[in-house]
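Data block below; observations after.
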Amino acid sequence: MAGIYIHIPFCKSKCAYCAFYSTADARLKNDFLSALEKELIIRKDYLGGDKIETIYFGGGTPSLLSSEEIDKILKIIRLYFNIDNNSEITLEANPDTVDAFYLEKIRKAGVNRLSIGIQSFFDDDLIYLSRRHNSEHALRVIADAKNVGFENLSLDLIYGIPTLSDDKCRRNLDAFFASGAPHLSAYSLTVEQGTILERRINERLCANVDEEQSVRQYEILCDRAAAEGFEHYEISNYAQNGFRSRHNTAYWNGTKYLGLGPAAHSFDGNSRQWNVSNVKLYSTLVAAGGSFFETEVLSGDDKFNEYVMTSLRTSAGCDTNYIEKHFGFEKKENLLRESKRFIAENKMIYNDNHLILTRKGTLFADGIAAELFAR
């Protein structure tokens, strides 16, 4: 089992909070697509012939590619990789970039899962985030996606936006559950270094994020999702039975994947690679046959720390039997010893050989994982 991630780096404009690599220079698209096709061929053996069970178009804004361009990329992937007949093929889309005709064409090309960046159903929140769409676009694209046959539909929401009151947060969730979408990805707004949002806050042009508000709205979200029968299977992800994101779950389970495009990361089980984070340089280097990525071979401690970090984000938690099998008895005993204080603080439970964060613990997930890392 393995996955392929394709980073489409183009956006119409940069959202204020976004720290992912992207560019609004559409003139670079043709060179990028040529380089992407070449990279697919260059790296066709990276996964060792493993069957591909998931393909994910992320970004950026993948829906800025035409349906014909999406179709061509998928055809090349099918030509050089062993694709499972039941593969999950996801495309991220922004509401202002697609219509029913486009959605129908990408579905015919093979895309069978759609992830729509709604973020909020309120226009003032979208303005704060510098999103290009409005609430009308959001509702229209959901209806269009369902009408053309997308059953595996995921919506993104952001909570903790200064303009989002608790009442509006509840109404956002009302709109989500009324939509019938079986998957929700919900993220707390964070102010990332170097973003437009950070600059605006520093210049007092907009309100800063309130941590207490974010925690309250996370609690509202968790309670509502549970009441609606959605499984909280990863800190930021909720799904009806059978609709977990298979691609992202593979990341958290340590499955191999190939990342294509500028700034994309790859993992083969023993090392990580990451492509240069500049679309023009990426396209030039790939075209010239130059080195366009760096590689880091992971140590035993690196692998242990990554497993702890990713597994603790999931509802399954950290399997201590897996730790013992792959990293040794001493690592397991040390992990259990260091976890006792978090169990005492009701941030973690130990059940059936699994260390699992409580809801309280999920608020401190990164810090807890860091405390449990091997050094």
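Residues in the structure tokens are named by chain (A, B, ... in the order shown) and by number from 1 within that chain; ligands are numbered from 1 in the order shown.
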
Any idea what's packed within 10 Å of Arg337 in chain A, counting only C-alpha atoms, ignoring anything in its chain fewer than 5 positions away? Could you give it as a PDB file with C-alpha atoms, in the first residue's frame?
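Below you can see out03.pdb, which holds the result:
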ATOM      1  CA  LYS A 331      11.827   2.365  24.412  1.00  0.00           C
ATOM      2  CA  LYS A 332       8.425   0.968  25.385  1.00  0.00           C
ATOM      3  CA  LEU A 372       7.715  11.750  24.947  1.00  0.00           C
TER       4      LEU A 372
END

- Test item: residues at most 12 Å from Thr295 in chain A, only C-alpha atoms, excluding those fewer than 4 positions along its chain, as number ranges by chain: A: 265-268, 270-276, 291

- Write out as JSON, numbers by chain which residues come within 9 Å of Pro182 in chain A when counting only C-alpha atoms, dropping same-chain ones fewer than 2 positions away. {"A": [151, 152, 153, 154, 155, 177, 179, 180, 184, 230, 238, 239, 240, 241, 242, 243, 244]}

- Message: Which residues are close to Ser283 in chain A, i.e. within 9 Å by only C-alpha atoms, leaving aside same-chain residues fewer than 5 positions away? Reply as a list in words.
- Response: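 Non-adjacent residues within range: Leu28, Asp31, Phe32, Leu33, Ser34, Ala35, Leu36, Gly261, Pro262, Asn278, Ala288 and Phe292 of chain A.
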
Could you write those residues out with C-alpha atoms, as an mmCIF file, in the first residue's frame?
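Contents of again.cif, freshly written:
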data_model
loop_
_atom_site.group_PDB
_atom_site.id
_atom_site.type_symbol
_atom_site.label_atom_id
_atom_site.label_comp_id
_atom_site.auth_asym_id
_atom_site.auth_seq_id
_atom_site.Cartn_x
_atom_site.Cartn_y
_atom_site.Cartn_z
ATOM 1 C CA LEU A 28 4.445 29.439 -14.704
ATOM 2 C CA ASP A 31 6.388 24.801 -17.397
ATOM 3 C CA PHE A 32 5.206 23.361 -14.098
ATOM 4 C CA LEU A 33 2.941 20.811 -15.794
ATOM 5 C CA SER A 34 5.755 19.720 -18.109
ATOM 6 C CA ALA A 35 8.085 19.304 -15.114
ATOM 7 C CA LEU A 36 5.420 17.418 -13.155
ATOM 8 C CA GLY A 261 5.641 19.138 -7.361
ATOM 9 C CA PRO A 262 7.410 22.044 -5.606
ATOM 10 C CA ASN A 278 9.993 27.360 -5.722
ATOM 11 C CA ALA A 288 17.485 20.137 -17.001
ATOM 12 C CA PHE A 292 15.470 19.142 -7.366
#

- Find the residues near Lys340 in chain A: any atom within 12 Å, counting only C-alpha atoms, skip ones fewer than 4 places away on the same chain, and give them as a PyMOL selection string. chain A and resi 333-336+344-350+355+368+371-372

- Message: If you run DSSP on the backbone here, which positions in range 59-217 of chain A get helix (DSSP H, G or I)? Please write them as a ChimeraX atom specification.
- Response: /A:62-64,67-80,95-97,100-109,123-128,135-147,166-179,196-202,211-217

- Item | Long-range neighbours of Arg43 in chain A as a ChimeraX atom specification, 10 Å cut-off, only C-alpha atoms, 2 positions minimum in chain | /A:38-41,45-48,80,258-260

- Item | Members of range 154-223 of chain A assigned strand (DSSP E) by DSSP, as an MDAnalysis selection string | chainID A and resid 154:159 183:188

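Take the candidates A:Glu88, A:Glu324, A:Asp50, A:Asp99 and check each one against His247 in chain A using only C-alpha atoms; the shortest distance goes to A:Glu88.
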
- Task: Skip Leu129 in chain A itself and residues of its chain fewer than 4 positions away, then list as a PyMOL selection string all residues within 12 Å of it, counting only C-alpha atoms.
- Result: chain A and resi 13-18+117-120+122-125+133-134+157-164+189-191+195-198+200+206-207+209

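CA of Lys75 in chain A to CA of Thr23 in chain A spans 25.6 Å [interatomic distance, one decimal].
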
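The gap separating CA of Ala369 in chain A from CA of Tyr56 in chain A is 26.9 Å, in Å to one decimal.
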
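The coordinates place CA of Gly3 in chain A at 5.3 Å from CA of Ile52 in chain A.
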